[in-house]
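Visitor: Please read through the structure below; I'll follow up with questions.
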Number of protein chains: 2
Amino acid sequence: MTVEVLCVGDELLRGEIVNTNLAHLAAALAGIGVPPARETCVPDDRGAIRRAAAEALERAEVVLTIGGLGPTVDDVTRPAVADLLGVPLRSDPEIAAGIVAFLRRRGVTVPEEAVRNQACLPVGADILPNENGTAPGIWCETARGRIIVLLPGPPRECCPMVDNHLLPRLRTRVPPGIPLPVTIRSCGLPESVVEQRVETALRELPGLTKAYCAEPTGVRVRIGSPAGDAAALTRAEQRIRGELGDCALPPGCPGLVHHIGDLLRRKEWRLAAAESCTGGLLGAAITACPGCSAWFAGSAVTYANDWKVAFLGVPDDILRSHGAVSAPVVESMLEGLLSRGAVQAAVAVSGIAGPAGEVPGKPVGTVFIGISLGAGNDVRRFLFPGDRDSVRVRAVGTALTLLRSALLEASAAPAPIPTPHTREPNPLRKETP
Amino acid sequence: MTVEVLCVGDELLRGEIVNTNLAHLAAALAGIGVPPARETCVPDDRGAIRRAAAEALERAEVVLTIGGLGPTVDDVTRPAVADLLGVPLRSDPEIAAGIVAFLRRRGVTVPEEAVRNQACLPVGADILPNENGTAPGIWCETARGRIIVLLPGPPRECCPMVDNHLLPRLRTRVPPGIPLPVTIRSCGLPESVVEQRVETALRELPGLTKAYCAEPTGVRVRIGSPAGDAAALTRAEQRIRGELGDCALPPGCPGLVHHIGDLLRRKEWRLAAAESCTGGLLGAAITACPGCSAWFAGSAVTYANDWKVAFLGVPDDILRSHGAVSAPVVESMLEGLLSRGAVQAAVAVSGIAGPAGEVPGKPVGTVFIGISLGAGNDVRRFLFPGDRDSVRVRAVGTALTLLRSALLEASAAPAPIPTPHTREPNPLRKETP
C-alpha cells in the first residue's frame with residue numbers, strides 16, 4: 001500500500017513553524033509498515049491543494065492531508081478536496097453542536113458561520129473525532145477505492161487524532177505480515193557510539209533496516225525487517241541490548257524520565273530539582289511524565305541570586321566569591337533541596353544559556369550540573385554548543401542522564417540507604433530586604 | 001519568480017527527524033520576497049529524486065534541493081540531478097583536497113572513495129562553499145535558464161550555507177518591488193474572532209493576502225500584497241491594530257513574554273511564578289526570553305503539597321479543606337510569592353493536567369490561575385480540553401495572557417484613557433461553576 005502526505009499551510013512555506021506533525025505522522029505510518037512514499041507541502045490555496053491532492057491520488061492508494069481545517073477563510077482544504085471528489089460540502093448539525101459544546105466548555109463563543117464552516121463534510125465522508133479541538137478529521141473514499149483523510153493542523157489536535165483514530169482504522173487496510181519495527185532507547189552515549197555498537201551487534205544478522213534518532217535525552221534505535229523475519233528482529237533486539245548494557249532503557253520503557261521514576265519508586269525515594277538557567281525546563285520535563293506526583297516533590301527555579309539565598313539557603317558569600325555559575329553554588333543548591341525539601345534525591349543546574357551573560361573563563365554554554373542522593377554531591381562542568389534553546393535542552397538531557405546513572409549505581413550498591421522520608425521540611429527564611 | 005524546495009531523505013519520511021532545514025530555508029526565501037510555492041519530500045532513491053526534481057523544474061524557475069550529498073551509497077542527489085540535466089558527474093580535485101583538509105582539521109580520515117563522491121559536480125556547475133562540513137553546495141543552470149541548487153542535509157551545514165552563500169546569490173535574480181509581508185501578533189482572542197476583526201479592518205483594502213496562525217499564546221496574522229502595494233500594507237496594519245486594540249502586541253514585539261518583560265521593566269517591577277500542574281513549563285516559557293533576568297526572579301514549582309507549605313507558606317488547613325486545586329490555594333501561593341520572593345508581580349497556577357487525578361466537581365483540565373500585582377488577587381477557574389500536554393500548554397498561554405492584561409491595566413491606571421481601544425472585553429471569561 002502506498003501512502004502520501006499532503007501538508008497545507010502558508011506558515012510552513014514561510015518558515016514560521018517547523019513541521020512537527022509530519023514527523024509524528026510519518027513515524028506512526030512507519031510503525032505500521034507504510035512510511036509515506038512522498039510528502040508535499042502547498043500554501044493555503046484551493047487550486048494548489050486540489051492539484052497536489054489529485055497528483056498524490058494518482059500515485060498512492062492513501063493520501064493524508066494535514067492543515068487547512070480551521071474556521072477562517074484561508075482554511076480551504078475541505079472545499080478543495082470536495083471539488084476534487086466531485087461532491088458537495090454539507091454542514092452537519094451534529095458536528096456543529098459538538099463544536100459549540102466544546103467551545104462553551106472553554107468559555108468561548110465564535111461566530112455561527114465559523115462553526116458552520118468547521119462542521120462541513122464532503123457528502124459521504126466519515127469523521128475522525130477530535131478530542132482536543134473543534135475540527136473533526138474527515139475520512140473520504142473515492143469512486144476508485146482510494147482513500148483521502150483530512151487531519152487538522154494544530155499539533156495538539158493532529159497528533160492524538162493520528163494515534164487514536166487514524167492508525168487503528170488505517171491498520172485494518174494494511175496488508176499483514178510485516179512485523180512492527182523494534183525500538184530500543186538508549187541514554188548517555190553519543191549517536192556515533194550507539195551506531196558502532198548496533199553495527200557490532202548485527203554483524204551476523206543481515207537484511208535488517210536500522211535507523212537512529214538523536215533526542216535530547218538519548219538515541220532511539222529502530223530496527224525493522226522488510227523481509228518479515230520476526231525471529232531475526234527478536235534476536236537483533238537481544239544482541240543490541242547486550243552491546244548497550246546499562247545505556248539501554250528497559251524494554252517497553254517509554255522514556256528516560258519514566259525510568260528515573262521507576263528507580264525512585266523502587267527505593268521509595270522522592271526527587272526535587274533546583275534550576276537556574278533551565279528556568280523550569282527540567283521540572284517541565286520531569287512532570288511531563290504522568291504519575292510523577294508519586295516521586296517528584298518540585299523544582300526551585302531560583303533564577304535570581306536572591307532567590308537562591310531565600311529559597312535554597314545558598315550562602316551570599318559563596319555567590320559573591322564564585323558567581324552563580326559555579327560548582328560551590330550548585331553544591332549549595334543540592335544541600336538546600338535535601339535539607340528543606342524532604343527529599344532523598346536532588347538534581348541542580350546552573351549555567352549560562354546566552355546569548356549574553358558570559359564572564360571571563362565561563363563562555364556561553366557553560367553549565368554546572370549536580371546530583372546528590374544524600375551521601376555526597378557529584379557536580380560536573382559542561383560546555384554545551386548552540387543557542388540559548390539548545391544549551392537549555394542539552395542541560396536538561398544531561399541532568400536527567402546523570403541522575404539515572406546515579407540511581408542505577410545506588411540500586412546496585414549493597415550498602416543500606418538512610419531511611420526515606422525522615423527529613424522534615426525546615427520553615428523557609430523570609431528574604432532580608 | 002517561482003521557487004520550489006525538494007527535500008531528500010528516508011529519515012524525514014520515517015519521522016526520525018523534524019525538517020528544521022525547511023523552516024530555515026523557507027523563512028530566508030520569504031525574507032527576500034520569494035517564499036517557496038511548494039515543498040516536496042522524497043526518499044533516498046535516485047528515480048524518486050529525479051522524477052520530483054523534473055516535475056518541480058516544470059513549475060518553478062528555481063528548485064532548491066536539501067540532502068543526499070553525503071559520502072555513503074544512499075546519498076544519490078548528485079547523480080539523480082546529473083541524470084536529469086543530461087550531463088556527466090566529474091570529481092573535482094580542488095574540492096577533494098578541501099574536503100581532506102577539512103577532515104584532517106577534525107582529526108578524521110575517511111576512505112578515498114567517499115571523498116571522491118563528495119567532490120563530484122555535474123559538469124558546468126558552480127559550488128557554494130561549505131564552512132561547516134565536507135559537501136559543498138552545487139549551483140546548476142539548465143539549458144532553459146532554470147536554476148537547481150543542491151544543499152547539504154545536516155542543519156549545521158545547510159543553514160549557514162543558505163544564509164551566507166545561497167541568499168546573496170539568489171537575491172540578485174529576484175525582481176525587486178514586492179514588499180515583505182506584515183506580521184501582527186495578538187493574544188487573548190480566538191482565531192475566528194481575530195479573523196472577523198481583520199476582515200472588518202480590511203473591508204476597503206482589497207487585494208491583500210491574509211494568513212492566520214494559532215500559537216499557544218495567541219494568533220499571528222500576516223498580511224501581504226502580491227501586487228506590491230506597500231502603502232496598502234501600511235494602511236492595513238494600522239487598521240488591523242485599531243480593530244484588535246489592546247489584544248495586538250506592539251509593532252516589532254517578538255512575542256507575548258517579551259511584551260510582559262517590557263511592561264515590567266517600564267514599572268521597574270519584578271515577576272515571580274508559582275506552579276503546580278505546569279511543573280516548570282511556565283518558568284520555562286518566561287525564561288525562553290533572553291534578558292529576562294532583568295525582571296524575572298524565579299518560579300516555585302511546588303508540585304507536592306508539602307512543598308506548597310514549606311516554600312510558599314500555604315496553610316495546611318486550606319490545603320486540607322479546599323484541596324490543592326482551588327482558588328484559596330492559588331491565592332495563598334500568590335501571597336507566598338509576594339511576601340517571600342521580593343517581587344511586585346506574581347502569577348500562580350494549580351490544576352489537574354490528567355490523565356489521572358480528577359476529583360468530584362473538578363474534572364481533568366480544571367485549572368485555577370491567579371495574578372497579583374500587590375493590590376488584591378485575581379483568581380479564575382478554567383476547564384481546558386485535551387490531554388496532559390495540551391492542558392499544561394493552554395494553562396501557560398492563558399496565565400501569560402492574563403498577566404499581560406493585568407500589567408496593561410496597571411500601566412493605564414490611575415487615569416485610564418477612554419478611547420474605544422482601551423476597553424476591549426476580556427476574552428478569557430470565568431467558567432460558570
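Ordering of the C-alpha cells sets the chain letters (A, B, ...), residue numbers begin anew at 1 in every chain, and ligands are numbered from 1 in the order given.
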Excluding Ile223 of chain B and its own-chain neighbours fewer than 2 positions away, which residues fall within 10 Å of it when counting only C-alpha atoms? Please give them as a list of chain:residue names.

Guide: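 Residues meeting the cut-off are B:Leu180, B:Pro181, B:Val182, B:Thr183, B:Ile184, B:Val198, B:Leu208, B:Thr209, B:Lys210, B:Ala211, B:Tyr212, B:Val221, B:Ser225, B:Pro226, B:Leu233, B:Thr234, B:Ala236, B:Glu237, B:Ile240.
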
Visitor: Write out as JSON lines a residue-level contact list of chain A versus chain B with cut-off 6 Å: for each qualifying residue the closest pair of atoms and the distance in Å to one decimal, counting only C-alpha atoms, rows sorted by chain and residue number upward.

Guide:
{"residue": "A:Leu13", "atom": "CA", "partner": "B:Ala26", "partner_atom": "CA", "distance": 5.6}
{"residue": "A:Arg14", "atom": "CA", "partner": "B:Ala26", "partner_atom": "CA", "distance": 4.9}
{"residue": "A:Gly15", "atom": "CA", "partner": "B:Ala23", "partner_atom": "CA", "distance": 3.8}
{"residue": "A:Val18", "atom": "CA", "partner": "B:Ala23", "partner_atom": "CA", "distance": 5.5}
{"residue": "A:Thr20", "atom": "CA", "partner": "B:Val18", "partner_atom": "CA", "distance": 5.9}
{"residue": "A:Ala23", "atom": "CA", "partner": "B:Gly15", "partner_atom": "CA", "distance": 3.8}
{"residue": "A:His24", "atom": "CA", "partner": "B:Gly15", "partner_atom": "CA", "distance": 5.9}
{"residue": "A:Ala26", "atom": "CA", "partner": "B:Gly15", "partner_atom": "CA", "distance": 4.6}
{"residue": "A:Ala27", "atom": "CA", "partner": "B:Gly15", "partner_atom": "CA", "distance": 4.2}
{"residue": "A:Ala30", "atom": "CA", "partner": "B:Arg14", "partner_atom": "CA", "distance": 5.6}
{"residue": "A:Pro35", "atom": "CA", "partner": "B:Arg14", "partner_atom": "CA", "distance": 5.7}
{"residue": "A:Pro36", "atom": "CA", "partner": "B:Leu13", "partner_atom": "CA", "distance": 5.9}
{"residue": "A:Arg38", "atom": "CA", "partner": "B:Val42", "partner_atom": "CA", "distance": 4.9}
{"residue": "A:Glu39", "atom": "CA", "partner": "B:Cys41", "partner_atom": "CA", "distance": 4.9}
{"residue": "A:Thr40", "atom": "CA", "partner": "B:Thr40", "partner_atom": "CA", "distance": 4.3}
{"residue": "A:Cys41", "atom": "CA", "partner": "B:Glu39", "partner_atom": "CA", "distance": 4.9}
{"residue": "A:Val42", "atom": "CA", "partner": "B:Arg38", "partner_atom": "CA", "distance": 4.9}
{"residue": "A:Gly107", "atom": "CA", "partner": "B:Arg429", "partner_atom": "CA", "distance": 5.9}
{"residue": "A:Asn132", "atom": "CA", "partner": "B:Gly386", "partner_atom": "CA", "distance": 4.5}
{"residue": "A:Cys213", "atom": "CA", "partner": "B:Glu16", "partner_atom": "CA", "distance": 5.5}
{"residue": "A:Gly279", "atom": "CA", "partner": "B:Ala284", "partner_atom": "CA", "distance": 5.0}
{"residue": "A:Gly280", "atom": "CA", "partner": "B:Gly280", "partner_atom": "CA", "distance": 3.9}
{"residue": "A:Leu281", "atom": "CA", "partner": "B:Ala284", "partner_atom": "CA", "distance": 5.0}
{"residue": "A:Gly283", "atom": "CA", "partner": "B:Gly280", "partner_atom": "CA", "distance": 4.9}
{"residue": "A:Ala284", "atom": "CA", "partner": "B:Gly280", "partner_atom": "CA", "distance": 4.6}
{"residue": "A:Thr287", "atom": "CA", "partner": "B:Gly279", "partner_atom": "CA", "distance": 5.5}
{"residue": "A:Ala297", "atom": "CA", "partner": "B:Ala304", "partner_atom": "CA", "distance": 4.8}
{"residue": "A:Gly298", "atom": "CA", "partner": "B:Tyr303", "partner_atom": "CA", "distance": 4.7}
{"residue": "A:Ser299", "atom": "CA", "partner": "B:Val301", "partner_atom": "CA", "distance": 4.8}
{"residue": "A:Ala300", "atom": "CA", "partner": "B:Ala300", "partner_atom": "CA", "distance": 5.2}
{"residue": "A:Val301", "atom": "CA", "partner": "B:Ser299", "partner_atom": "CA", "distance": 4.8}
{"residue": "A:Thr302", "atom": "CA", "partner": "B:Gly298", "partner_atom": "CA", "distance": 4.9}
{"residue": "A:Tyr303", "atom": "CA", "partner": "B:Gly298", "partner_atom": "CA", "distance": 4.7}
{"residue": "A:Ala304", "atom": "CA", "partner": "B:Ala297", "partner_atom": "CA", "distance": 4.8}
{"residue": "A:Pro427", "atom": "CA", "partner": "B:Ala310", "partner_atom": "CA", "distance": 5.8}
{"residue": "A:Lys430", "atom": "CA", "partner": "B:Arg340", "partner_atom": "CA", "distance": 5.3}
{"residue": "A:Glu431", "atom": "CA", "partner": "B:Arg340", "partner_atom": "CA", "distance": 5.9}

Visitor: Choose the residue, out of A:Ala82, A:Leu402, A:Val108, A:Ile32, that has the smallest atom-to-atom separation from Thr217 of chain A; count only C-alpha atoms.

Guide: A:Leu402

Visitor: Once the least-squares fit of chain B onto chain A is done over all Cα atoms matched in order, how many Å of RMSD are left?

Guide: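 Root-mean-square deviation of the C-alpha atoms: 7.5 Å.
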
Visitor: Run DSSP on the backbone of this structure and report the residues of segment 124-202 of chain B it assigns to strand (DSSP E or B), as number ranges by chain.

Guide: B: 126-128, 137-141, 147-151, 182-186

Visitor: Next, write the just-selected residues to a file, as a PDB file, in the first residue's frame, keeping C-alpha atoms as the atom set.

Guide:
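Below is the file part.pdb, written as the result:
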ATOM      1  CA  ASP B 126      29.381  26.043  -9.620  1.00  0.00           C
ATOM      2  CA  ILE B 127      29.883  25.397  -5.944  1.00  0.00           C
ATOM      3  CA  LEU B 128      28.618  27.128  -2.791  1.00  0.00           C
ATOM      4  CA  GLY B 137      26.549  23.147  -2.278  1.00  0.00           C
ATOM      5  CA  ILE B 138      26.087  22.854  -6.043  1.00  0.00           C
ATOM      6  CA  TRP B 139      24.555  25.560  -8.280  1.00  0.00           C
ATOM      7  CA  CYS B 140      23.434  24.355 -11.733  1.00  0.00           C
ATOM      8  CA  GLU B 141      21.664  26.200 -14.532  1.00  0.00           C
ATOM      9  CA  ILE B 147      18.299  27.028 -11.689  1.00  0.00           C
ATOM     10  CA  ILE B 148      18.687  23.951  -9.493  1.00  0.00           C
ATOM     11  CA  VAL B 149      20.775  24.246  -6.328  1.00  0.00           C
ATOM     12  CA  LEU B 150      21.819  21.252  -4.198  1.00  0.00           C
ATOM     13  CA  LEU B 151      22.264  21.932  -0.466  1.00  0.00           C
ATOM     14  CA  VAL B 182       3.488  42.482   7.611  1.00  0.00           C
ATOM     15  CA  THR B 183       3.054  40.369  10.755  1.00  0.00           C
ATOM     16  CA  ILE B 184       0.765  41.356  13.630  1.00  0.00           C
ATOM     17  CA  ARG B 185       0.659  39.256  16.807  1.00  0.00           C
ATOM     18  CA  SER B 186      -2.416  39.141  19.004  1.00  0.00           C
TER      19      SER B 186
END

Visitor: Can you pull out every residue from segment 107-308 of chain A that DSSP, working from the backbone, puts in alpha helix (DSSP H), and format the result as a ChimeraX atom specification?

Guide: /A:112-118,155-161,167-171,191-201,230-244,256-267,281-287,305-308

Visitor: Pull the closest atom pair for each residue of segment 307-407 of chain B that gets at most 12 Å from segment 247-255 of chain B, along with the distance in Å to one decimal, counting only C-alpha atoms, ordering rows by chain and then ascending residue number, as CSV.

Guide:
residue,atom,partner,partner_atom,distance
B:Gly397,CA,B:Gly255,CA,11.5
B:Leu400,CA,B:Gly255,CA,10.8
B:Thr401,CA,B:Cys247,CA,9.4
B:Leu402,CA,B:Cys247,CA,11.3
B:Arg404,CA,B:Cys247,CA,9.8
B:Ser405,CA,B:Cys247,CA,8.7

Visitor: Report, in Å with one decimal, the straight-line distance from atom CA of Thr142 of chain B to atom CA of Gly47 of chain B.

Guide: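 Separating atom CA of Thr142 of chain B from atom CA of Gly47 of chain B is a distance of 19.0 Å.
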